[in-house]
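Written below as structure tokens is the structure these notes are about.
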Amino acid sequence: MAQGKTTVIGRRKLCKAHAGDLLLPRILYMGFGSGGVDADGNVREPTGEETAMQAELLRKLVDGHSYLDDEMTCRYTVRLEKEELADQYISEQGLYDAEGDLIAYKTFLPKGKDADMEFIFDMDEIF
């Protein structure tokens, strides 16, 4: 089962923004990695303390975003082209803000990406 959390850094930034002491930098990047499972293939549970992914393979500009019906969920979308991460197994995903901070982190069972396939990844930030 996929596991996801807003990181401590992300929660601190939200707290300071709500107090008026910080303007939130926008989410600009989605990262992909292979470190979302342990040596036995079990999905690692995020702690929220992560400041980086376990084994980042690629960080890419977000292609776009949309709001779900409740307007308390923002969905970020990235398309991986055929040549990107070909023959890799992806098991972690993260959202990074314009300052390079990991704001949200998710782990899941490995997804293999063939060289002739494009993948579209969504990641929801839920408030």
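By order in the structure tokens, chains are A, B, ...; within a chain, residues start at 1; ligands start at 1, following the order shown.
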* Skip Glu56 (chain A) itself and residues of its chain fewer than 4 positions away, then list as a PyMOL selection string all residues within 7 Å of it, counting only C-alpha atoms. => chain A and resi 31-34
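When the distance limit is 8 Å and only C-alpha atoms are what count, the residues near Gln3 (chain A), minus those fewer than 5 positions from it on the same chain, are Val43, Arg44, Glu45, Pro46, Lys106, Thr107 and Phe108 of chain A.
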Write a file of the just-selected residues containing C-alpha atoms, as a PDB file, in the first residue's frame.
ATOM      1  CA  VAL A  43       7.255  -0.591   1.426  1.00  0.00           C
ATOM      2  CA  ARG A  44       9.026   1.788   3.818  1.00  0.00           C
ATOM      3  CA  GLU A  45       6.678   3.947   5.858  1.00  0.00           C
ATOM      4  CA  PRO A  46       7.553   7.650   5.598  1.00  0.00           C
ATOM      5  CA  LYS A 106       5.333   9.002  -0.795  1.00  0.00           C
ATOM      6  CA  THR A 107       6.507   5.376  -1.000  1.00  0.00           C
ATOM      7  CA  PHE A 108       4.935   2.458  -2.869  1.00  0.00           C
TER       8      PHE A 108
END
* Write out as a ChimeraX atom specification the residues lying within 8 Å of region 20-25 of chain A, counting only C-alpha atoms and excluding same-chain residues fewer than 6 positions away. => /A:13-14,97-99
Name the residues in contact with Ile120 (chain A) at a cut-off of 8 Å, using only C-alpha atoms, excluding same-chain residues fewer than 4 positions from it; report them as a compact mmCIF listing (two decimals) with N, CA and C atoms, in the first residue's frame.
# COMPACT_ATOMS: atom_id res chain seq x y z
N THR A 77 0.92 16.91 -11.55
CA THR A 77 1.08 15.90 -12.59
C THR A 77 2.41 16.07 -13.31
N VAL A 78 3.06 14.93 -13.57
CA VAL A 78 4.31 14.89 -14.34
C VAL A 78 4.24 13.72 -15.30
N ARG A 79 4.66 13.97 -16.53
CA ARG A 79 4.76 12.91 -17.54
C ARG A 79 6.23 12.52 -17.68
N LEU A 80 6.50 11.24 -17.54
CA LEU A 80 7.83 10.72 -17.81
C LEU A 80 7.85 10.24 -19.25
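For the atom pair formed by CA of Thr7 (chain A) and CA of Met30 (chain A), the distance is 14.3 Å, given to one decimal.
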* Asked: Neighbours of Leu109 (chain A) within 12 Å (only C-alpha atoms; same-chain residues fewer than 6 positions away dropped), as number ranges by chain?
  -> A: 1-3, 33-38, 40-45, 89-93
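Between CA of Leu95 (chain A) and CA of Glu118 (chain A) there is a distance of 19.8 Å.
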When DSSP works through the backbone of this structure, what residues of chain A end up as strand (DSSP E or B), shown as a short mmCIF file (atom, residue, chain, number, x, y, z; two decimals) with all heavy atoms, in the first residue's frame?
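Saved the output as selection-v3.cif:
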data_model
loop_
_atom_site.label_atom_id
_atom_site.label_comp_id
_atom_site.auth_asym_id
_atom_site.auth_seq_id
_atom_site.Cartn_x
_atom_site.Cartn_y
_atom_site.Cartn_z
N GLN A 3 2.21 4.82 0.86
CA GLN A 3 2.27 5.60 2.09
C GLN A 3 2.74 7.01 1.74
O GLN A 3 3.70 7.15 1.00
CB GLN A 3 3.26 4.98 3.08
CG GLN A 3 3.03 3.53 3.38
CD GLN A 3 1.92 3.32 4.37
OE1 GLN A 3 1.68 4.15 5.23
NE2 GLN A 3 1.24 2.22 4.25
N GLY A 4 2.13 8.03 2.29
CA GLY A 4 2.57 9.39 2.02
C GLY A 4 2.40 10.31 3.21
O GLY A 4 1.51 10.09 4.04
N LYS A 5 3.26 11.32 3.29
CA LYS A 5 3.20 12.28 4.39
C LYS A 5 3.70 13.64 3.94
O LYS A 5 4.61 13.73 3.10
CB LYS A 5 4.07 11.85 5.56
CG LYS A 5 3.52 10.71 6.36
CD LYS A 5 4.16 10.62 7.71
CE LYS A 5 3.43 9.52 8.47
NZ LYS A 5 3.89 9.33 9.78
N THR A 6 3.16 14.66 4.55
CA THR A 6 3.75 15.99 4.44
C THR A 6 4.95 16.00 5.38
O THR A 6 4.85 15.55 6.52
CB THR A 6 2.74 17.08 4.85
OG1 THR A 6 1.60 16.98 4.00
CG2 THR A 6 3.33 18.47 4.73
N ILE A 27 5.10 24.75 -5.26
CA ILE A 27 5.60 23.43 -5.61
C ILE A 27 6.00 23.50 -7.08
O ILE A 27 5.21 23.85 -7.94
CB ILE A 27 4.53 22.34 -5.40
CG1 ILE A 27 4.09 22.25 -3.94
CG2 ILE A 27 5.01 20.99 -5.94
CD1 ILE A 27 5.13 21.80 -2.97
N LEU A 28 7.27 23.16 -7.36
CA LEU A 28 7.77 23.23 -8.74
C LEU A 28 8.20 21.89 -9.30
O LEU A 28 8.17 21.70 -10.52
CB LEU A 28 8.98 24.17 -8.82
CG LEU A 28 8.71 25.66 -8.87
CD1 LEU A 28 10.02 26.41 -9.06
CD2 LEU A 28 7.75 26.00 -9.99
N TYR A 29 8.63 20.97 -8.45
CA TYR A 29 9.23 19.74 -8.94
C TYR A 29 8.60 18.49 -8.33
O TYR A 29 8.12 18.53 -7.20
CB TYR A 29 10.73 19.69 -8.60
CG TYR A 29 11.50 20.84 -9.16
CD1 TYR A 29 11.78 21.96 -8.37
CD2 TYR A 29 11.96 20.82 -10.47
CE1 TYR A 29 12.49 23.02 -8.89
CE2 TYR A 29 12.67 21.89 -10.99
CZ TYR A 29 12.93 22.99 -10.20
OH TYR A 29 13.64 24.05 -10.71
N MET A 30 8.65 17.42 -9.10
CA MET A 30 8.30 16.10 -8.58
C MET A 30 9.55 15.24 -8.76
O MET A 30 10.17 15.25 -9.82
CB MET A 30 7.12 15.49 -9.33
CG MET A 30 6.58 14.22 -8.71
SD MET A 30 5.15 13.53 -9.61
CE MET A 30 3.91 14.81 -9.37
N GLY A 31 9.91 14.54 -7.69
CA GLY A 31 11.07 13.66 -7.74
C GLY A 31 10.63 12.22 -7.75
O GLY A 31 9.57 11.87 -7.23
N PHE A 32 11.48 11.38 -8.34
CA PHE A 32 11.21 9.95 -8.43
C PHE A 32 12.45 9.21 -7.98
O PHE A 32 13.58 9.60 -8.29
CB PHE A 32 10.89 9.55 -9.88
CG PHE A 32 9.73 10.31 -10.44
CD1 PHE A 32 9.93 11.48 -11.15
CD2 PHE A 32 8.44 9.87 -10.23
CE1 PHE A 32 8.86 12.19 -11.65
CE2 PHE A 32 7.36 10.59 -10.72
CZ PHE A 32 7.57 11.75 -11.44
N GLY A 33 12.25 8.12 -7.24
CA GLY A 33 13.39 7.37 -6.74
C GLY A 33 13.10 5.89 -6.62
O GLY A 33 11.97 5.42 -6.85
N VAL A 37 11.32 0.99 -0.93
CA VAL A 37 11.16 -0.34 -0.32
C VAL A 37 12.47 -0.76 0.34
O VAL A 37 13.55 -0.30 -0.03
CB VAL A 37 10.72 -1.39 -1.37
CG1 VAL A 37 9.33 -1.09 -1.91
CG2 VAL A 37 11.72 -1.49 -2.52
N VAL A 43 7.35 -2.04 1.58
CA VAL A 43 7.25 -0.59 1.43
C VAL A 43 7.66 0.08 2.73
O VAL A 43 7.15 -0.26 3.80
CB VAL A 43 5.83 -0.17 1.01
CG1 VAL A 43 5.70 1.34 0.93
CG2 VAL A 43 5.46 -0.80 -0.33
N GLU A 56 17.08 9.06 -4.99
CA GLU A 56 16.48 9.85 -6.07
C GLU A 56 17.11 9.50 -7.41
O GLU A 56 18.34 9.44 -7.54
CB GLU A 56 16.63 11.34 -5.78
CG GLU A 56 15.88 12.20 -6.76
CD GLU A 56 15.81 13.66 -6.36
OE1 GLU A 56 15.72 13.95 -5.14
OE2 GLU A 56 15.85 14.50 -7.26
N LEU A 57 16.24 9.30 -8.41
CA LEU A 57 16.68 9.00 -9.76
C LEU A 57 16.50 10.18 -10.71
O LEU A 57 17.28 10.36 -11.65
CB LEU A 57 15.89 7.80 -10.32
CG LEU A 57 16.01 6.49 -9.55
CD1 LEU A 57 14.98 5.49 -10.06
CD2 LEU A 57 17.42 5.94 -9.68
N LEU A 58 15.44 10.97 -10.47
CA LEU A 58 15.11 12.07 -11.38
C LEU A 58 14.23 13.08 -10.64
O LEU A 58 13.35 12.70 -9.87
CB LEU A 58 14.34 11.53 -12.60
CG LEU A 58 13.81 12.55 -13.60
CD1 LEU A 58 14.97 13.19 -14.38
CD2 LEU A 58 12.84 11.90 -14.57
N ARG A 59 14.49 14.35 -10.90
CA ARG A 59 13.63 15.43 -10.42
C ARG A 59 13.21 16.23 -11.64
O ARG A 59 14.04 16.63 -12.45
CB ARG A 59 14.38 16.33 -9.45
CG ARG A 59 13.48 17.31 -8.72
CD ARG A 59 14.23 18.15 -7.73
NE ARG A 59 14.93 17.36 -6.73
CZ ARG A 59 15.52 17.87 -5.66
NH1 ARG A 59 15.50 19.17 -5.45
NH2 ARG A 59 16.15 17.09 -4.80
N LYS A 60 11.93 16.45 -11.77
CA LYS A 60 11.40 17.04 -12.99
C LYS A 60 10.41 18.15 -12.66
O LYS A 60 9.66 18.04 -11.68
CB LYS A 60 10.70 15.93 -13.80
CG LYS A 60 10.49 16.28 -15.22
CD LYS A 60 10.06 15.10 -16.03
CE LYS A 60 9.72 15.65 -17.40
NZ LYS A 60 9.13 14.73 -18.28
N LEU A 61 10.39 19.21 -13.48
CA LEU A 61 9.40 20.27 -13.31
C LEU A 61 8.01 19.68 -13.41
O LEU A 61 7.75 18.83 -14.28
CB LEU A 61 9.57 21.35 -14.38
CG LEU A 61 10.61 22.41 -14.14
CD1 LEU A 61 10.78 23.28 -15.39
CD2 LEU A 61 10.26 23.27 -12.95
N GLY A 64 1.82 20.36 -14.52
CA GLY A 64 0.62 21.13 -14.23
C GLY A 64 0.01 20.68 -12.92
O GLY A 64 0.49 19.76 -12.26
N HIS A 65 -1.07 21.37 -12.56
CA HIS A 65 -1.80 20.99 -11.35
C HIS A 65 -3.28 21.22 -11.57
O HIS A 65 -3.68 21.95 -12.49
CB HIS A 65 -1.30 21.79 -10.13
CG HIS A 65 -1.64 23.24 -10.18
ND1 HIS A 65 -0.86 24.17 -10.82
CD2 HIS A 65 -2.70 23.92 -9.67
CE1 HIS A 65 -1.41 25.36 -10.71
NE2 HIS A 65 -2.53 25.24 -10.00
N SER A 66 -4.08 20.60 -10.74
CA SER A 66 -5.53 20.78 -10.77
C SER A 66 -6.04 20.64 -9.35
O SER A 66 -5.36 20.11 -8.48
CB SER A 66 -6.20 19.76 -11.69
OG SER A 66 -5.91 18.44 -11.27
N TYR A 67 -7.25 21.15 -9.13
CA TYR A 67 -7.88 21.02 -7.82
C TYR A 67 -9.00 20.00 -7.92
O TYR A 67 -9.76 19.99 -8.89
CB TYR A 67 -8.46 22.37 -7.36
CG TYR A 67 -7.39 23.42 -7.19
CD1 TYR A 67 -7.22 24.42 -8.14
CD2 TYR A 67 -6.54 23.41 -6.09
CE1 TYR A 67 -6.23 25.37 -8.00
CE2 TYR A 67 -5.55 24.37 -5.95
CZ TYR A 67 -5.40 25.35 -6.91
OH TYR A 67 -4.42 26.29 -6.77
N THR A 73 -7.64 19.67 -2.06
CA THR A 73 -6.65 18.75 -2.60
C THR A 73 -6.13 19.31 -3.90
O THR A 73 -6.91 19.65 -4.80
CB THR A 73 -7.27 17.35 -2.85
OG1 THR A 73 -7.80 16.85 -1.62
CG2 THR A 73 -6.25 16.40 -3.42
N CYS A 74 -4.82 19.45 -3.99
CA CYS A 74 -4.18 19.89 -5.22
C CYS A 74 -3.44 18.70 -5.81
O CYS A 74 -2.62 18.08 -5.13
CB CYS A 74 -3.22 21.05 -4.95
SG CYS A 74 -2.54 21.75 -6.47
N ARG A 75 -3.73 18.39 -7.06
CA ARG A 75 -3.09 17.26 -7.75
C ARG A 75 -2.03 17.79 -8.70
O ARG A 75 -2.32 18.59 -9.59
CB ARG A 75 -4.13 16.45 -8.51
CG ARG A 75 -3.52 15.32 -9.33
CD ARG A 75 -4.56 14.35 -9.80
NE ARG A 75 -5.03 13.60 -8.64
CZ ARG A 75 -6.14 12.89 -8.64
NH1 ARG A 75 -6.90 12.81 -9.71
NH2 ARG A 75 -6.48 12.23 -7.55
N TYR A 76 -0.79 17.36 -8.49
CA TYR A 76 0.33 17.74 -9.35
C TYR A 76 0.60 16.58 -10.31
O TYR A 76 0.52 15.41 -9.92
CB TYR A 76 1.58 18.01 -8.50
CG TYR A 76 1.38 19.17 -7.57
CD1 TYR A 76 0.93 18.97 -6.27
CD2 TYR A 76 1.60 20.48 -7.99
CE1 TYR A 76 0.73 20.04 -5.41
CE2 TYR A 76 1.41 21.55 -7.14
CZ TYR A 76 0.96 21.32 -5.85
OH TYR A 76 0.76 22.38 -5.00
N THR A 77 0.92 16.91 -11.55
CA THR A 77 1.08 15.90 -12.59
C THR A 77 2.41 16.07 -13.31
O THR A 77 2.83 17.19 -13.60
CB THR A 77 -0.07 16.01 -13.63
OG1 THR A 77 -1.31 15.88 -12.95
CG2 THR A 77 0.04 14.95 -14.69
N VAL A 78 3.06 14.93 -13.57
CA VAL A 78 4.31 14.89 -14.34
C VAL A 78 4.24 13.72 -15.30
O VAL A 78 3.82 12.63 -14.92
CB VAL A 78 5.55 14.74 -13.42
CG1 VAL A 78 6.79 14.38 -14.21
CG2 VAL A 78 5.79 16.01 -12.64
N ARG A 79 4.66 13.97 -16.53
CA ARG A 79 4.76 12.91 -17.54
C ARG A 79 6.23 12.52 -17.68
O ARG A 79 7.08 13.38 -17.89
CB ARG A 79 4.24 13.38 -18.88
CG ARG A 79 4.43 12.35 -20.01
CD ARG A 79 4.07 12.92 -21.37
NE ARG A 79 2.70 13.32 -21.42
CZ ARG A 79 1.68 12.53 -21.81
NH1 ARG A 79 1.93 11.29 -22.18
NH2 ARG A 79 0.44 12.98 -21.83
N LEU A 80 6.50 11.24 -17.54
CA LEU A 80 7.83 10.72 -17.81
C LEU A 80 7.85 10.24 -19.25
O LEU A 80 7.05 9.38 -19.65
CB LEU A 80 8.19 9.56 -16.88
CG LEU A 80 8.33 9.89 -15.40
CD1 LEU A 80 8.72 8.64 -14.62
CD2 LEU A 80 9.34 10.99 -15.18
N GLN A 88 14.02 1.29 -15.25
CA GLN A 88 14.19 1.56 -13.82
C GLN A 88 12.93 1.12 -13.06
O GLN A 88 11.85 1.03 -13.65
CB GLN A 88 14.42 3.05 -13.56
CG GLN A 88 15.67 3.60 -14.18
CD GLN A 88 16.92 3.19 -13.43
OE1 GLN A 88 16.91 3.04 -12.22
NE2 GLN A 88 18.00 2.99 -14.17
N TYR A 89 13.08 0.92 -11.77
CA TYR A 89 11.96 0.64 -10.89
C TYR A 89 11.78 1.83 -9.96
O TYR A 89 12.71 2.21 -9.26
CB TYR A 89 12.19 -0.64 -10.08
CG TYR A 89 12.03 -1.87 -10.93
CD1 TYR A 89 13.12 -2.41 -11.61
CD2 TYR A 89 10.79 -2.48 -11.07
CE1 TYR A 89 12.97 -3.53 -12.40
CE2 TYR A 89 10.63 -3.60 -11.86
CZ TYR A 89 11.72 -4.13 -12.52
OH TYR A 89 11.58 -5.23 -13.32
N ILE A 90 10.59 2.40 -9.99
CA ILE A 90 10.28 3.60 -9.21
C ILE A 90 9.45 3.18 -8.01
O ILE A 90 8.43 2.50 -8.17
CB ILE A 90 9.50 4.61 -10.08
CG1 ILE A 90 10.31 4.95 -11.35
CG2 ILE A 90 9.15 5.86 -9.28
CD1 ILE A 90 9.48 5.58 -12.45
N SER A 91 9.87 3.60 -6.80
CA SER A 91 9.13 3.20 -5.59
C SER A 91 9.00 4.35 -4.59
O SER A 91 8.54 4.13 -3.47
CB SER A 91 9.78 2.00 -4.92
OG SER A 91 11.12 2.31 -4.54
N GLU A 92 9.42 5.54 -4.99
CA GLU A 92 9.22 6.71 -4.12
C GLU A 92 9.03 7.93 -5.00
O GLU A 92 9.49 7.99 -6.14
CB GLU A 92 10.40 6.90 -3.15
CG GLU A 92 11.74 7.08 -3.81
CD GLU A 92 12.87 7.22 -2.82
OE1 GLU A 92 12.65 7.59 -1.64
OE2 GLU A 92 14.03 6.95 -3.22
N GLN A 93 8.33 8.89 -4.43
CA GLN A 93 7.93 10.08 -5.16
C GLN A 93 7.89 11.23 -4.17
O GLN A 93 7.51 11.04 -3.01
CB GLN A 93 6.54 9.80 -5.75
CG GLN A 93 5.90 10.83 -6.58
CD GLN A 93 4.53 10.33 -7.07
OE1 GLN A 93 4.00 9.33 -6.59
NE2 GLN A 93 3.95 11.05 -7.99
N GLY A 94 8.26 12.42 -4.60
CA GLY A 94 8.24 13.56 -3.70
C GLY A 94 7.89 14.84 -4.42
O GLY A 94 8.09 14.97 -5.63
N LEU A 95 7.35 15.78 -3.67
CA LEU A 95 7.09 17.13 -4.18
C LEU A 95 8.09 18.07 -3.55
O LEU A 95 8.27 18.07 -2.33
CB LEU A 95 5.67 17.58 -3.81
CG LEU A 95 4.53 16.82 -4.48
CD1 LEU A 95 3.18 17.31 -3.94
CD2 LEU A 95 4.58 16.97 -6.00
N TYR A 96 8.74 18.86 -4.38
CA TYR A 96 9.74 19.84 -3.94
C TYR A 96 9.25 21.24 -4.26
O TYR A 96 8.68 21.48 -5.33
CB TYR A 96 11.07 19.61 -4.67
CG TYR A 96 11.78 18.35 -4.28
CD1 TYR A 96 11.53 17.14 -4.93
CD2 TYR A 96 12.73 18.36 -3.27
CE1 TYR A 96 12.20 15.99 -4.58
CE2 TYR A 96 13.41 17.20 -2.91
CZ TYR A 96 13.14 16.02 -3.58
OH TYR A 96 13.81 14.89 -3.22
N ASP A 97 9.52 22.17 -3.34
CA ASP A 97 9.13 23.55 -3.60
C ASP A 97 10.25 24.30 -4.33
O ASP A 97 11.31 23.74 -4.63
CB ASP A 97 8.68 24.26 -2.31
CG ASP A 97 9.79 24.51 -1.30
OD1 ASP A 97 10.99 24.38 -1.64
OD2 ASP A 97 9.45 24.85 -0.16
N LEU A 102 11.95 19.29 0.24
CA LEU A 102 11.00 18.20 0.07
C LEU A 102 9.78 18.49 0.95
O LEU A 102 9.90 18.55 2.17
CB LEU A 102 11.65 16.87 0.47
CG LEU A 102 10.81 15.61 0.32
CD1 LEU A 102 10.45 15.35 -1.14
CD2 LEU A 102 11.56 14.41 0.91
N ILE A 103 8.64 18.68 0.35
CA ILE A 103 7.42 19.09 1.05
C ILE A 103 6.50 17.90 1.33
O ILE A 103 5.85 17.83 2.37
CB ILE A 103 6.67 20.18 0.25
CG1 ILE A 103 7.58 21.40 0.05
CG2 ILE A 103 5.36 20.56 0.90
CD1 ILE A 103 8.08 22.04 1.34
N ALA A 104 6.43 16.98 0.40
CA ALA A 104 5.60 15.78 0.57
C ALA A 104 6.37 14.60 0.01
O ALA A 104 7.10 14.73 -0.97
CB ALA A 104 4.27 15.94 -0.14
N TYR A 105 6.18 13.43 0.65
CA TYR A 105 6.95 12.25 0.29
C TYR A 105 6.05 11.03 0.34
O TYR A 105 5.24 10.88 1.25
CB TYR A 105 8.11 12.09 1.27
CG TYR A 105 8.97 10.88 1.05
CD1 TYR A 105 9.76 10.77 -0.09
CD2 TYR A 105 9.00 9.85 1.97
CE1 TYR A 105 10.57 9.65 -0.30
CE2 TYR A 105 9.81 8.74 1.78
CZ TYR A 105 10.58 8.65 0.64
OH TYR A 105 11.37 7.54 0.45
N LYS A 106 6.20 10.17 -0.67
CA LYS A 106 5.33 9.00 -0.80
C LYS A 106 6.18 7.79 -1.20
O LYS A 106 7.10 7.92 -2.01
CB LYS A 106 4.29 9.29 -1.87
CG LYS A 106 3.30 8.21 -2.13
CD LYS A 106 2.31 8.69 -3.19
CE LYS A 106 1.26 7.64 -3.47
NZ LYS A 106 0.31 8.11 -4.49
N THR A 107 5.85 6.62 -0.64
CA THR A 107 6.51 5.38 -1.00
C THR A 107 5.45 4.38 -1.47
O THR A 107 4.29 4.46 -1.08
CB THR A 107 7.28 4.78 0.20
OG1 THR A 107 6.37 4.60 1.29
CG2 THR A 107 8.42 5.70 0.62
N PHE A 108 5.88 3.43 -2.31
CA PHE A 108 4.93 2.46 -2.87
C PHE A 108 5.71 1.28 -3.44
O PHE A 108 6.94 1.33 -3.57
CB PHE A 108 4.05 3.10 -3.95
CG PHE A 108 4.79 3.99 -4.91
CD1 PHE A 108 5.41 3.48 -6.04
CD2 PHE A 108 4.89 5.36 -4.66
CE1 PHE A 108 6.09 4.30 -6.92
CE2 PHE A 108 5.56 6.19 -5.54
CZ PHE A 108 6.18 5.66 -6.68
N LEU A 109 5.00 0.23 -3.80
CA LEU A 109 5.63 -0.93 -4.43
C LEU A 109 6.30 -0.50 -5.72
O LEU A 109 5.81 0.40 -6.41
CB LEU A 109 4.59 -2.01 -4.71
CG LEU A 109 4.02 -2.73 -3.49
CD1 LEU A 109 2.86 -3.62 -3.89
CD2 LEU A 109 5.12 -3.54 -2.79
N PRO A 110 7.42 -1.11 -6.09
CA PRO A 110 8.14 -0.70 -7.30
C PRO A 110 7.30 -0.83 -8.57
O PRO A 110 6.61 -1.82 -8.77
CB PRO A 110 9.32 -1.67 -7.34
CG PRO A 110 9.50 -2.14 -5.95
CD PRO A 110 8.12 -2.16 -5.36
N LYS A 111 7.39 0.21 -9.38
CA LYS A 111 6.74 0.25 -10.69
C LYS A 111 7.85 0.21 -11.74
O LYS A 111 8.66 1.13 -11.82
CB LYS A 111 5.92 1.53 -10.90
CG LYS A 111 5.02 1.93 -9.74
CD LYS A 111 3.88 0.98 -9.54
CE LYS A 111 2.95 1.50 -8.45
NZ LYS A 111 2.78 0.57 -7.35
N GLY A 112 7.89 -0.83 -12.55
CA GLY A 112 8.89 -0.93 -13.60
C GLY A 112 8.49 -0.10 -14.80
O GLY A 112 7.33 -0.08 -15.20
N LYS A 113 9.47 0.60 -15.38
CA LYS A 113 9.19 1.44 -16.55
C LYS A 113 9.99 0.93 -17.74
O LYS A 113 11.20 0.97 -17.75
CB LYS A 113 9.53 2.90 -16.27
CG LYS A 113 9.15 3.79 -17.43
CD LYS A 113 9.32 5.24 -17.09
CE LYS A 113 8.96 6.11 -18.26
NZ LYS A 113 9.78 5.84 -19.45
N PHE A 119 4.94 7.34 -18.81
CA PHE A 119 4.16 7.23 -17.58
C PHE A 119 3.67 8.61 -17.21
O PHE A 119 4.38 9.60 -17.38
CB PHE A 119 5.02 6.72 -16.42
CG PHE A 119 5.16 5.23 -16.31
CD1 PHE A 119 4.85 4.37 -17.34
CD2 PHE A 119 5.64 4.69 -15.13
CE1 PHE A 119 5.00 3.00 -17.20
CE2 PHE A 119 5.80 3.32 -14.98
CZ PHE A 119 5.48 2.47 -16.02
N ILE A 120 2.47 8.67 -16.65
CA ILE A 120 1.96 9.90 -16.07
C ILE A 120 1.79 9.64 -14.58
O ILE A 120 1.12 8.69 -14.17
CB ILE A 120 0.63 10.33 -16.70
CG1 ILE A 120 0.85 10.66 -18.17
CG2 ILE A 120 0.05 11.53 -15.95
CD1 ILE A 120 -0.42 10.97 -18.94
N PHE A 121 2.45 10.48 -13.77
CA PHE A 121 2.34 10.38 -12.32
C PHE A 121 1.56 11.56 -11.78
O PHE A 121 1.83 12.70 -12.16
CB PHE A 121 3.74 10.37 -11.68
CG PHE A 121 4.43 9.05 -11.71
CD1 PHE A 121 5.20 8.70 -12.80
CD2 PHE A 121 4.30 8.16 -10.66
CE1 PHE A 121 5.86 7.48 -12.82
CE2 PHE A 121 4.94 6.94 -10.67
CZ PHE A 121 5.73 6.59 -11.77
N ASP A 122 0.62 11.27 -10.90
CA ASP A 122 -0.09 12.29 -10.14
C ASP A 122 0.34 12.16 -8.69
O ASP A 122 0.60 11.05 -8.21
CB ASP A 122 -1.61 12.09 -10.21
CG ASP A 122 -2.18 12.37 -11.58
OD1 ASP A 122 -1.64 13.23 -12.29
OD2 ASP A 122 -3.18 11.73 -11.93
N MET A 123 0.38 13.28 -7.99
CA MET A 123 0.61 13.24 -6.54
C MET A 123 -0.30 14.30 -5.93
O MET A 123 -0.28 15.46 -6.37
CB MET A 123 2.06 13.51 -6.20
CG MET A 123 2.37 13.29 -4.73
SD MET A 123 4.15 13.16 -4.47
CE MET A 123 4.19 12.95 -2.70
N ASP A 124 -1.09 13.89 -4.97
CA ASP A 124 -2.06 14.77 -4.34
C ASP A 124 -1.50 15.36 -3.05
O ASP A 124 -0.94 14.63 -2.22
CB ASP A 124 -3.35 14.03 -4.00
CG ASP A 124 -4.11 13.59 -5.24
OD1 ASP A 124 -3.81 14.08 -6.35
OD2 ASP A 124 -5.02 12.74 -5.11
N GLU A 125 -1.66 16.65 -2.90
CA GLU A 125 -1.36 17.32 -1.65
C GLU A 125 -2.72 17.63 -1.02
O GLU A 125 -3.50 18.41 -1.57
CB GLU A 125 -0.56 18.61 -1.91
CG GLU A 125 -0.06 19.26 -0.66
CD GLU A 125 0.82 20.47 -0.93
OE1 GLU A 125 0.64 21.15 -1.96
OE2 GLU A 125 1.66 20.76 -0.08
N ILE A 126 -2.99 16.98 0.10
CA ILE A 126 -4.31 17.05 0.73
C ILE A 126 -4.25 17.93 1.96
O ILE A 126 -3.41 17.75 2.83
CB ILE A 126 -4.82 15.64 1.09
CG1 ILE A 126 -4.85 14.76 -0.16
CG2 ILE A 126 -6.19 15.71 1.76
CD1 ILE A 126 -5.06 13.30 0.12
#
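Nearest residue to Glu71 (chain A) among A:Leu85, A:Phe127, A:Ala55, A:Met117 is A:Phe127, counting only C-alpha atoms.
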* Could you please determine the separation between CA of Asp63 (chain A) and CA of Glu83 (chain A) in Å, to one decimal place? => 16.9 Å
Which parts of region 9-103 of chain A does DSSP call helix (DSSP H, G or I) when run on the backbone here, written out as a JSON list (two decimals) with N, CA, C and O atoms, in the first residue's frame?
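Output below, filename states03.json:
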[["chain", "number", "residue", "atom", "x", "y", "z"],
["A", 9, "ILE", "N", 9.44, 19.82, 7.29],
["A", 9, "ILE", "CA", 9.76, 21.11, 6.65],
["A", 9, "ILE", "C", 8.51, 21.72, 6.05],
["A", 9, "ILE", "O", 8.25, 22.91, 6.20],
["A", 10, "GLY", "N", 7.72, 20.90, 5.35],
["A", 10, "GLY", "CA", 6.48, 21.39, 4.76],
["A", 10, "GLY", "C", 5.50, 21.91, 5.80],
["A", 10, "GLY", "O", 4.87, 22.95, 5.62],
["A", 11, "ARG", "N", 5.37, 21.20, 6.92],
["A", 11, "ARG", "CA", 4.44, 21.63, 7.97],
["A", 11, "ARG", "C", 4.92, 22.92, 8.64],
["A", 11, "ARG", "O", 4.13, 23.81, 8.96],
["A", 12, "ARG", "N", 6.24, 23.05, 8.84],
["A", 12, "ARG", "CA", 6.78, 24.29, 9.42],
["A", 12, "ARG", "C", 6.50, 25.49, 8.51],
["A", 12, "ARG", "O", 6.15, 26.57, 8.98],
["A", 13, "LYS", "N", 6.69, 25.28, 7.21],
["A", 13, "LYS", "CA", 6.43, 26.38, 6.27],
["A", 13, "LYS", "C", 4.95, 26.76, 6.27],
["A", 13, "LYS", "O", 4.62, 27.95, 6.22],
["A", 14, "LEU", "N", 4.06, 25.79, 6.34],
["A", 14, "LEU", "CA", 2.63, 26.09, 6.42],
["A", 14, "LEU", "C", 2.30, 26.87, 7.68],
["A", 14, "LEU", "O", 1.53, 27.85, 7.65],
["A", 15, "CYS", "N", 2.86, 26.47, 8.80],
["A", 15, "CYS", "CA", 2.62, 27.15, 10.07],
["A", 15, "CYS", "C", 3.04, 28.61, 9.99],
["A", 15, "CYS", "O", 2.28, 29.52, 10.35],
["A", 16, "LYS", "N", 4.25, 28.85, 9.49],
["A", 16, "LYS", "CA", 4.76, 30.23, 9.39],
["A", 16, "LYS", "C", 3.97, 31.05, 8.38],
["A", 16, "LYS", "O", 3.76, 32.26, 8.58],
["A", 17, "ALA", "N", 3.51, 30.42, 7.31],
["A", 17, "ALA", "CA", 2.71, 31.15, 6.32],
["A", 17, "ALA", "C", 1.36, 31.53, 6.90],
["A", 17, "ALA", "O", 0.87, 32.66, 6.69],
["A", 18, "HIS", "N", 0.73, 30.64, 7.64],
["A", 18, "HIS", "CA", -0.55, 30.96, 8.26],
["A", 18, "HIS", "C", -0.42, 32.09, 9.27],
["A", 18, "HIS", "O", -1.34, 32.89, 9.45]]
